[in-house]
Amino acid sequence: MTADEDTTARDPVDLLVEQFLQLHRAGGGPSVETFAARHPDHAATLLDLLPTLLALEGMKQDKASSGSGRRRVSMPHLERLGDFRIVREIGRGGMGVVFEAVQESLGRKVALKVLPQAGLLTGNQLERFRREAQIAAQLHHSNIVPVFGSGESDGYHWYAMQFIVGASLDSWRAEQAAAPPQGSGAWRARARFVARVGEQAASALHYAHGLGTLHRDIKPANLLVEHHDQVWVTDFGLAKALEAEGLTQTGDLLGTLQYMAPEQFAGSYDVRSEVYALGVTLYELLVLRPAFRGSTRSELMELIRTQRPEPLRRACPDVPEDLAVVVEKAIARDPADRYADAAALARDLQAFLDDRPIEARRLSAAAMLWRWCRRNRTVALLAASTFVAVLGAGITGWVAAGVAGEARSRAEQAAKAEQDQKTRAEATLAKALVAFGEVFDTLAGKDPVLAFEEDADTGEQTVVARTVVEPRELELLGRMLSFYGQFAAENAGNQALQIETARAWRRVGSIHARLGKPEDLDAAQAAFQQSLERYAAIADRDVRRELAAVHVEFGQLKLRRMRPLEAEQSFHKALELLAALPNAASKSIRAERARVHLAAAASMAPRSSGDGPRGGQMPGRGPGEGRPEFDRERMRRASDQVQSAVALAEALLAEDPESTEFMVLRARTFLTQARKSGRRERRPEADRTSADAERVRQHRAAVDLLRQV
């Protein structure tokens, strides 16, 4: 693309902004009002954007003149500075270079922040550096990087901090985005990690605020994570003592644009602005991308000033509800709607971690409407005036206004009462679901599909063992299910209840199947049908993995009832569902698919006519089943299923040779292959001998793996 084509393709406002800034950089540029008047088509936008951009430009020029900008600081190679032996450079900030160093008199490793030689400094950079060291040295908190001391050596000003062996959260976010967590357990663990990070950072900020200090540049790069998830807030280089305003001018824009609060562009900044910056940081760590993204600086500023980030539960559906409420309250556009201070944010994050009720609540529809009216007074007043004019045609103006005002008040009260009632009903429903789940777990054990014990270090998942259920306990579960059904009918729009009901039917079907009597098998079949129907009605959640589990258990039941063709269809449906999952390539899903392939192979094993009732066709068999050509076709399909299971099991064991789960899975495939090798019908003697040898080899391989387990 040529330069002319590039100019034509760009937003005209961006071109005008660039032209305005170039004029000011050259000196003697026009005022904002004069420049906007020259371009009436974009005057309103220019009058809105240019004052803020001028403030940013002024800060940039001031930094450049004082040597504190983001360009690389000019500094000769240093091997020693006073008592410090320089090991390596670890970063460059706005005011100097940070080295890893050893303070030899004390034999301790430190992070040494160094300014260029004093003769190269201009403006107030040195004073700011001294102020930074003084502020940081006063902050003694378990989550703030401590300062050991400061001074001047060989013409360089420095201060020494504790050396943190860890990584910044911006690098952590980049690693997570490159390889997102797999499985709901991993996402829940990540949500709790982010909440712990936020709680520690908020606690550190509240402590600093109590000493009259604002950080002014909260972002992932300034939060370090050490082992055991210890968080350190670093780089108070932009911090400003609340009682010492002399180092900055009113309206200065300090910080990183991506994390600035909306009010900061108007020159307002307080502790709630820092709550916002930390909230945006937590949002970014949860969804693994920035809260706002703009192709230009002016576009990004406009988004921050006028828009809200995408709702957290929509951007990342696995985020727990309470954590989403906490983060969204922290990043509310209006400071009055945020947490009053960092301590309140820390309390709610700790409540989430402790599984206690949080103080924050989502805004009702009426509250959101009221806040919109406050932000858009002109539009709201115009709409209200139009409404009153239409309603009050032929009626005296002041009477109409009074009636309309009273009607609006009653409507708002009714809406609030309805919202409160709905909130209470949802809370009651949630408690009921928890209670039902606890009763099911008490009587029947944890749900094998949903309850996995996961090792926090290795990520290995172990299925919880099933519990034997007595008949009288099963009767109690049946009565509970009838209540579930009635409750679900009364709350048909509640997807959470529909899912719980579907799960309950599946679990009762599994329990009936385990009891094994003919009447129990009939009840199991009816329960699985009920479960499938309820899962089919779920529209707003991905329940394909649970649905696959129902088809697998239903297929096993059909196999027990001598219906192999129907069982094969159920296993095939389960495999289709598992293969279509977003995380189908994960180890847990591939292992599940291998197990279903083995079950499908078992359903295709040929049976002699003696397997069924005498003189009639076997239940579940189709026309022609039992004939040699039909059985050969089933054997071929069974062999394909076994080979698919073998391929999956071999790959999993190669990826994780120490996994007992994958060892057992591979042993099962060996045993299945051995059974297949043991079928001797219509084989020549040499083939039978070779098959026997192969069967022995496979048995031994299975035994070796099981001995390792």
# chains A, B, ... in the order shown; residues from 1 in each chain; ligands from 1
>>> residues_around(residues="region 158-172 of chain A", least_positions_apart="5", cutoff="7 Å", atoms="only C-alpha atoms", output="list of chain:residue names")
A:Lys109, A:Val110, A:Ala111, A:Leu112, A:Lys113, A:Val114, A:Leu115, A:Ala133, A:Val145, A:Pro146, A:Val147, A:Phe148, A:Gly149, A:Ser150, A:Gly151, A:Glu152, A:Pro220, A:Ala221, A:Asn222, A:Leu223, A:Leu224, A:Val225, A:Glu226, A:His227
>>> write_last_selection(atoms="N, CA, C and O atoms", output="compact mmCIF listing (two decimals), in the first residue's frame")
# COMPACT_ATOMS: atom_id res chain seq x y z
N LYS A 109 21.43 -10.43 47.84
CA LYS A 109 21.05 -10.06 46.49
C LYS A 109 19.98 -8.98 46.56
O LYS A 109 19.04 -9.05 47.36
N VAL A 110 20.10 -7.96 45.69
CA VAL A 110 19.14 -6.86 45.68
C VAL A 110 18.79 -6.51 44.24
O VAL A 110 19.48 -6.90 43.30
N ALA A 111 17.68 -5.77 44.12
CA ALA A 111 17.35 -5.12 42.85
C ALA A 111 17.76 -3.66 43.01
O ALA A 111 17.28 -2.96 43.91
N LEU A 112 18.67 -3.19 42.17
CA LEU A 112 19.26 -1.87 42.32
C LEU A 112 18.75 -0.96 41.20
O LEU A 112 19.00 -1.21 40.02
N LYS A 113 17.99 0.08 41.57
CA LYS A 113 17.49 1.02 40.58
C LYS A 113 18.46 2.21 40.54
O LYS A 113 18.75 2.84 41.56
N VAL A 114 18.94 2.55 39.32
CA VAL A 114 20.02 3.53 39.16
C VAL A 114 19.59 4.58 38.15
O VAL A 114 19.07 4.26 37.07
N LEU A 115 19.84 5.86 38.51
CA LEU A 115 19.63 6.97 37.58
C LEU A 115 20.93 7.23 36.81
O LEU A 115 22.02 6.90 37.29
N ALA A 133 12.02 7.19 46.05
CA ALA A 133 12.75 6.39 47.03
C ALA A 133 12.21 6.62 48.43
O ALA A 133 12.06 5.69 49.23
N VAL A 145 7.12 -4.40 47.57
CA VAL A 145 8.56 -4.65 47.51
C VAL A 145 9.28 -3.65 48.42
O VAL A 145 9.18 -2.43 48.22
N PRO A 146 9.99 -4.13 49.46
CA PRO A 146 10.63 -3.22 50.41
C PRO A 146 11.91 -2.58 49.85
O PRO A 146 12.62 -3.19 49.04
N VAL A 147 12.18 -1.35 50.29
CA VAL A 147 13.40 -0.63 49.93
C VAL A 147 14.38 -0.72 51.09
O VAL A 147 14.03 -0.43 52.23
N PHE A 148 15.62 -1.16 50.79
CA PHE A 148 16.63 -1.32 51.83
C PHE A 148 17.36 -0.02 52.12
O PHE A 148 17.80 0.24 53.24
N GLY A 149 17.53 0.80 51.09
CA GLY A 149 18.28 2.03 51.30
C GLY A 149 18.49 2.75 49.98
O GLY A 149 18.21 2.22 48.91
N SER A 150 19.01 4.00 50.05
CA SER A 150 19.27 4.78 48.85
C SER A 150 20.52 5.62 49.08
O SER A 150 20.99 5.77 50.21
N GLY A 151 21.05 6.16 47.99
CA GLY A 151 22.24 6.98 48.13
C GLY A 151 22.81 7.38 46.79
O GLY A 151 22.14 7.28 45.76
N GLU A 152 24.08 7.84 46.80
CA GLU A 152 24.76 8.26 45.58
C GLU A 152 26.17 7.69 45.60
O GLU A 152 26.88 7.76 46.62
N PRO A 220 -0.66 -5.27 35.12
CA PRO A 220 -0.04 -6.59 35.34
C PRO A 220 1.49 -6.55 35.42
O PRO A 220 2.09 -7.31 36.17
N ALA A 221 2.12 -5.65 34.65
CA ALA A 221 3.58 -5.60 34.64
C ALA A 221 4.15 -5.16 35.99
O ALA A 221 5.31 -5.45 36.29
N ASN A 222 3.35 -4.47 36.81
CA ASN A 222 3.83 -3.99 38.11
C ASN A 222 3.37 -4.87 39.26
O ASN A 222 3.45 -4.47 40.42
N LEU A 223 2.87 -6.06 38.96
CA LEU A 223 2.52 -7.05 39.98
C LEU A 223 3.37 -8.29 39.73
O LEU A 223 3.28 -8.92 38.68
N LEU A 224 4.23 -8.63 40.68
CA LEU A 224 5.11 -9.78 40.56
C LEU A 224 4.56 -10.93 41.40
O LEU A 224 4.05 -10.71 42.51
N VAL A 225 4.67 -12.14 40.88
CA VAL A 225 4.19 -13.33 41.59
C VAL A 225 5.39 -14.22 41.89
O VAL A 225 6.08 -14.66 40.97
N GLU A 226 5.60 -14.45 43.19
CA GLU A 226 6.69 -15.33 43.63
C GLU A 226 6.10 -16.71 43.89
O GLU A 226 4.90 -16.94 43.72
N HIS A 227 6.93 -17.66 44.32
CA HIS A 227 6.44 -18.99 44.61
C HIS A 227 5.37 -18.93 45.70
O HIS A 227 5.32 -18.00 46.49
>>> residues_around(residues="Arg668 (chain A)", least_positions_apart="3", cutoff="10 Å", atoms="only C-alpha atoms", output="PDB file with all heavy atoms, in the first residue's frame")
ATOM      1  N   ARG A 595     -12.370 -45.272  26.308  1.00  0.00           N
ATOM      2  CA  ARG A 595     -13.225 -46.182  27.076  1.00  0.00           C
ATOM      3  C   ARG A 595     -14.533 -46.469  26.326  1.00  0.00           C
ATOM      4  O   ARG A 595     -15.049 -47.590  26.352  1.00  0.00           O
ATOM      5  CB  ARG A 595     -13.488 -45.596  28.460  1.00  0.00           C
ATOM      6  CG  ARG A 595     -12.286 -45.673  29.392  1.00  0.00           C
ATOM      7  CD  ARG A 595     -12.641 -45.271  30.799  1.00  0.00           C
ATOM      8  NE  ARG A 595     -12.724 -43.826  30.944  1.00  0.00           N
ATOM      9  CZ  ARG A 595     -11.708 -43.048  31.310  1.00  0.00           C
ATOM     10  NH1 ARG A 595     -10.536 -43.587  31.562  1.00  0.00           N
ATOM     11  NH2 ARG A 595     -11.867 -41.746  31.424  1.00  0.00           N
ATOM     12  N   LEU A 598     -14.001 -48.990  23.590  1.00  0.00           N
ATOM     13  CA  LEU A 598     -13.959 -50.364  24.101  1.00  0.00           C
ATOM     14  C   LEU A 598     -15.366 -50.877  24.382  1.00  0.00           C
ATOM     15  O   LEU A 598     -15.692 -52.034  24.098  1.00  0.00           O
ATOM     16  CB  LEU A 598     -13.102 -50.417  25.367  1.00  0.00           C
ATOM     17  CG  LEU A 598     -11.596 -50.203  25.168  1.00  0.00           C
ATOM     18  CD1 LEU A 598     -10.885 -50.199  26.511  1.00  0.00           C
ATOM     19  CD2 LEU A 598     -11.008 -51.283  24.266  1.00  0.00           C
ATOM     20  N   ALA A 645      -9.428 -47.392  20.119  1.00  0.00           N
ATOM     21  CA  ALA A 645      -9.106 -47.319  21.546  1.00  0.00           C
ATOM     22  C   ALA A 645      -7.611 -47.508  21.776  1.00  0.00           C
ATOM     23  O   ALA A 645      -6.994 -46.801  22.590  1.00  0.00           O
ATOM     24  CB  ALA A 645      -9.904 -48.369  22.312  1.00  0.00           C
ATOM     25  N   VAL A 646      -7.006 -48.454  21.062  1.00  0.00           N
ATOM     26  CA  VAL A 646      -5.562 -48.713  21.210  1.00  0.00           C
ATOM     27  C   VAL A 646      -4.764 -47.470  20.826  1.00  0.00           C
ATOM     28  O   VAL A 646      -3.825 -47.069  21.534  1.00  0.00           O
ATOM     29  CB  VAL A 646      -5.149 -49.918  20.352  1.00  0.00           C
ATOM     30  CG1 VAL A 646      -3.626 -50.024  20.271  1.00  0.00           C
ATOM     31  CG2 VAL A 646      -5.739 -51.196  20.921  1.00  0.00           C
ATOM     32  N   ALA A 649      -5.112 -44.869  23.600  1.00  0.00           N
ATOM     33  CA  ALA A 649      -4.431 -45.278  24.838  1.00  0.00           C
ATOM     34  C   ALA A 649      -2.919 -45.220  24.672  1.00  0.00           C
ATOM     35  O   ALA A 649      -2.197 -44.780  25.588  1.00  0.00           O
ATOM     36  CB  ALA A 649      -4.881 -46.685  25.228  1.00  0.00           C
ATOM     37  N   PHE A 662      -3.809 -44.004  32.655  1.00  0.00           N
ATOM     38  CA  PHE A 662      -3.511 -44.397  31.287  1.00  0.00           C
ATOM     39  C   PHE A 662      -2.913 -45.806  31.232  1.00  0.00           C
ATOM     40  O   PHE A 662      -3.086 -46.528  30.243  1.00  0.00           O
ATOM     41  CB  PHE A 662      -2.576 -43.378  30.640  1.00  0.00           C
ATOM     42  CG  PHE A 662      -3.146 -41.982  30.589  1.00  0.00           C
ATOM     43  CD1 PHE A 662      -2.313 -40.858  30.521  1.00  0.00           C
ATOM     44  CD2 PHE A 662      -4.526 -41.777  30.629  1.00  0.00           C
ATOM     45  CE1 PHE A 662      -2.846 -39.583  30.476  1.00  0.00           C
ATOM     46  CE2 PHE A 662      -5.059 -40.500  30.585  1.00  0.00           C
ATOM     47  CZ  PHE A 662      -4.224 -39.411  30.510  1.00  0.00           C
ATOM     48  N   MET A 663      -2.206 -46.207  32.319  1.00  0.00           N
ATOM     49  CA  MET A 663      -1.716 -47.590  32.365  1.00  0.00           C
ATOM     50  C   MET A 663      -2.885 -48.575  32.392  1.00  0.00           C
ATOM     51  O   MET A 663      -2.899 -49.584  31.674  1.00  0.00           O
ATOM     52  CB  MET A 663      -0.840 -47.792  33.607  1.00  0.00           C
ATOM     53  CG  MET A 663       0.502 -47.091  33.571  1.00  0.00           C
ATOM     54  SD  MET A 663       1.423 -47.454  35.082  1.00  0.00           S
ATOM     55  CE  MET A 663       2.793 -46.303  34.920  1.00  0.00           C
ATOM     56  N   VAL A 664      -3.875 -48.293  33.234  1.00  0.00           N
ATOM     57  CA  VAL A 664      -5.035 -49.178  33.324  1.00  0.00           C
ATOM     58  C   VAL A 664      -5.780 -49.204  31.994  1.00  0.00           C
ATOM     59  O   VAL A 664      -6.221 -50.260  31.522  1.00  0.00           O
ATOM     60  CB  VAL A 664      -5.964 -48.717  34.468  1.00  0.00           C
ATOM     61  CG1 VAL A 664      -7.275 -49.494  34.437  1.00  0.00           C
ATOM     62  CG2 VAL A 664      -5.280 -48.897  35.809  1.00  0.00           C
ATOM     63  N   LEU A 665      -5.917 -48.044  31.353  1.00  0.00           N
ATOM     64  CA  LEU A 665      -6.614 -47.972  30.076  1.00  0.00           C
ATOM     65  C   LEU A 665      -5.892 -48.812  29.016  1.00  0.00           C
ATOM     66  O   LEU A 665      -6.521 -49.571  28.266  1.00  0.00           O
ATOM     67  CB  LEU A 665      -6.716 -46.511  29.623  1.00  0.00           C
ATOM     68  CG  LEU A 665      -7.433 -46.246  28.300  1.00  0.00           C
ATOM     69  CD1 LEU A 665      -8.864 -46.752  28.346  1.00  0.00           C
ATOM     70  CD2 LEU A 665      -7.396 -44.752  27.970  1.00  0.00           C
ATOM     71  N   LEU A 671      -6.123 -56.499  26.997  1.00  0.00           N
ATOM     72  CA  LEU A 671      -7.002 -57.620  27.313  1.00  0.00           C
ATOM     73  C   LEU A 671      -8.090 -57.786  26.255  1.00  0.00           C
ATOM     74  O   LEU A 671      -8.469 -58.911  25.899  1.00  0.00           O
ATOM     75  CB  LEU A 671      -7.625 -57.415  28.698  1.00  0.00           C
ATOM     76  CG  LEU A 671      -6.636 -57.479  29.875  1.00  0.00           C
ATOM     77  CD1 LEU A 671      -7.331 -57.109  31.172  1.00  0.00           C
ATOM     78  CD2 LEU A 671      -6.025 -58.876  29.976  1.00  0.00           C
ATOM     79  N   THR A 672      -8.607 -56.664  25.753  1.00  0.00           N
ATOM     80  CA  THR A 672      -9.614 -56.748  24.691  1.00  0.00           C
ATOM     81  C   THR A 672      -9.015 -57.366  23.434  1.00  0.00           C
ATOM     82  O   THR A 672      -9.639 -58.205  22.769  1.00  0.00           O
ATOM     83  CB  THR A 672     -10.166 -55.348  24.383  1.00  0.00           C
ATOM     84  OG1 THR A 672     -10.713 -54.784  25.575  1.00  0.00           O
ATOM     85  CG2 THR A 672     -11.259 -55.417  23.327  1.00  0.00           C
ATOM     86  N   GLN A 673      -7.782 -56.949  23.099  1.00  0.00           N
ATOM     87  CA  GLN A 673      -7.116 -57.544  21.941  1.00  0.00           C
ATOM     88  C   GLN A 673      -6.861 -59.041  22.157  1.00  0.00           C
ATOM     89  O   GLN A 673      -6.973 -59.842  21.225  1.00  0.00           O
ATOM     90  CB  GLN A 673      -5.789 -56.831  21.678  1.00  0.00           C
ATOM     91  CG  GLN A 673      -5.938 -55.406  21.131  1.00  0.00           C
ATOM     92  CD  GLN A 673      -4.592 -54.727  20.969  1.00  0.00           C
ATOM     93  OE1 GLN A 673      -3.861 -54.526  21.930  1.00  0.00           O
ATOM     94  NE2 GLN A 673      -4.271 -54.372  19.730  1.00  0.00           N
ATOM     95  N   ALA A 674      -6.535 -59.420  23.398  1.00  0.00           N
ATOM     96  CA  ALA A 674      -6.274 -60.830  23.689  1.00  0.00           C
ATOM     97  C   ALA A 674      -7.540 -61.660  23.492  1.00  0.00           C
ATOM     98  O   ALA A 674      -7.495 -62.773  22.951  1.00  0.00           O
ATOM     99  CB  ALA A 674      -5.750 -60.986  25.112  1.00  0.00           C
ATOM    100  N   HIS A 699      -1.692 -60.657  27.040  1.00  0.00           N
ATOM    101  CA  HIS A 699      -1.988 -60.883  28.456  1.00  0.00           C
ATOM    102  C   HIS A 699      -0.812 -60.449  29.327  1.00  0.00           C
ATOM    103  O   HIS A 699      -0.987 -59.788  30.368  1.00  0.00           O
ATOM    104  CB  HIS A 699      -2.301 -62.359  28.698  1.00  0.00           C
ATOM    105  CG  HIS A 699      -3.768 -62.673  28.608  1.00  0.00           C
ATOM    106  ND1 HIS A 699      -4.694 -62.165  29.475  1.00  0.00           N
ATOM    107  CD2 HIS A 699      -4.453 -63.441  27.724  1.00  0.00           C
ATOM    108  CE1 HIS A 699      -5.890 -62.620  29.151  1.00  0.00           C
ATOM    109  NE2 HIS A 699      -5.792 -63.386  28.082  1.00  0.00           N
ATOM    110  N   ALA A 702      -0.555 -56.704  29.555  1.00  0.00           N
ATOM    111  CA  ALA A 702      -1.567 -56.151  30.461  1.00  0.00           C
ATOM    112  C   ALA A 702      -1.169 -56.366  31.915  1.00  0.00           C
ATOM    113  O   ALA A 702      -1.279 -55.460  32.757  1.00  0.00           O
ATOM    114  CB  ALA A 702      -2.926 -56.787  30.173  1.00  0.00           C
ATOM    115  N   LEU A 705       1.598 -53.964  33.036  1.00  0.00           N
ATOM    116  CA  LEU A 705       1.094 -52.613  33.324  1.00  0.00           C
ATOM    117  C   LEU A 705       0.347 -52.574  34.646  1.00  0.00           C
ATOM    118  O   LEU A 705       0.502 -51.644  35.449  1.00  0.00           O
ATOM    119  CB  LEU A 705       0.179 -52.145  32.189  1.00  0.00           C
ATOM    120  CG  LEU A 705       0.872 -51.698  30.898  1.00  0.00           C
ATOM    121  CD1 LEU A 705      -0.152 -51.479  29.794  1.00  0.00           C
ATOM    122  CD2 LEU A 705       1.650 -50.402  31.144  1.00  0.00           C
ATOM    123  N   LEU A 706      -0.486 -53.575  34.906  1.00  0.00           N
ATOM    124  CA  LEU A 706      -1.262 -53.583  36.149  1.00  0.00           C
ATOM    125  C   LEU A 706      -0.360 -53.768  37.358  1.00  0.00           C
ATOM    126  O   LEU A 706      -0.655 -53.246  38.448  1.00  0.00           O
ATOM    127  CB  LEU A 706      -2.320 -54.682  36.087  1.00  0.00           C
ATOM    128  CG  LEU A 706      -3.420 -54.445  35.026  1.00  0.00           C
ATOM    129  CD1 LEU A 706      -4.346 -55.636  34.935  1.00  0.00           C
ATOM    130  CD2 LEU A 706      -4.207 -53.187  35.355  1.00  0.00           C
TER     131      LEU A 706
END
>>> residues_around(residues="region 570-586 of chain A", least_positions_apart="5", cutoff="6 Å", atoms="only C-alpha atoms", output="PyMOL selection string")
chain A and resi 544+548+551-552+555+600
>>> residues_around(residues="Gln530 (chain A)", least_positions_apart="6", cutoff="8 Å", atoms="only C-alpha atoms", output="ChimeraX atom specification")
/A:502,505-506
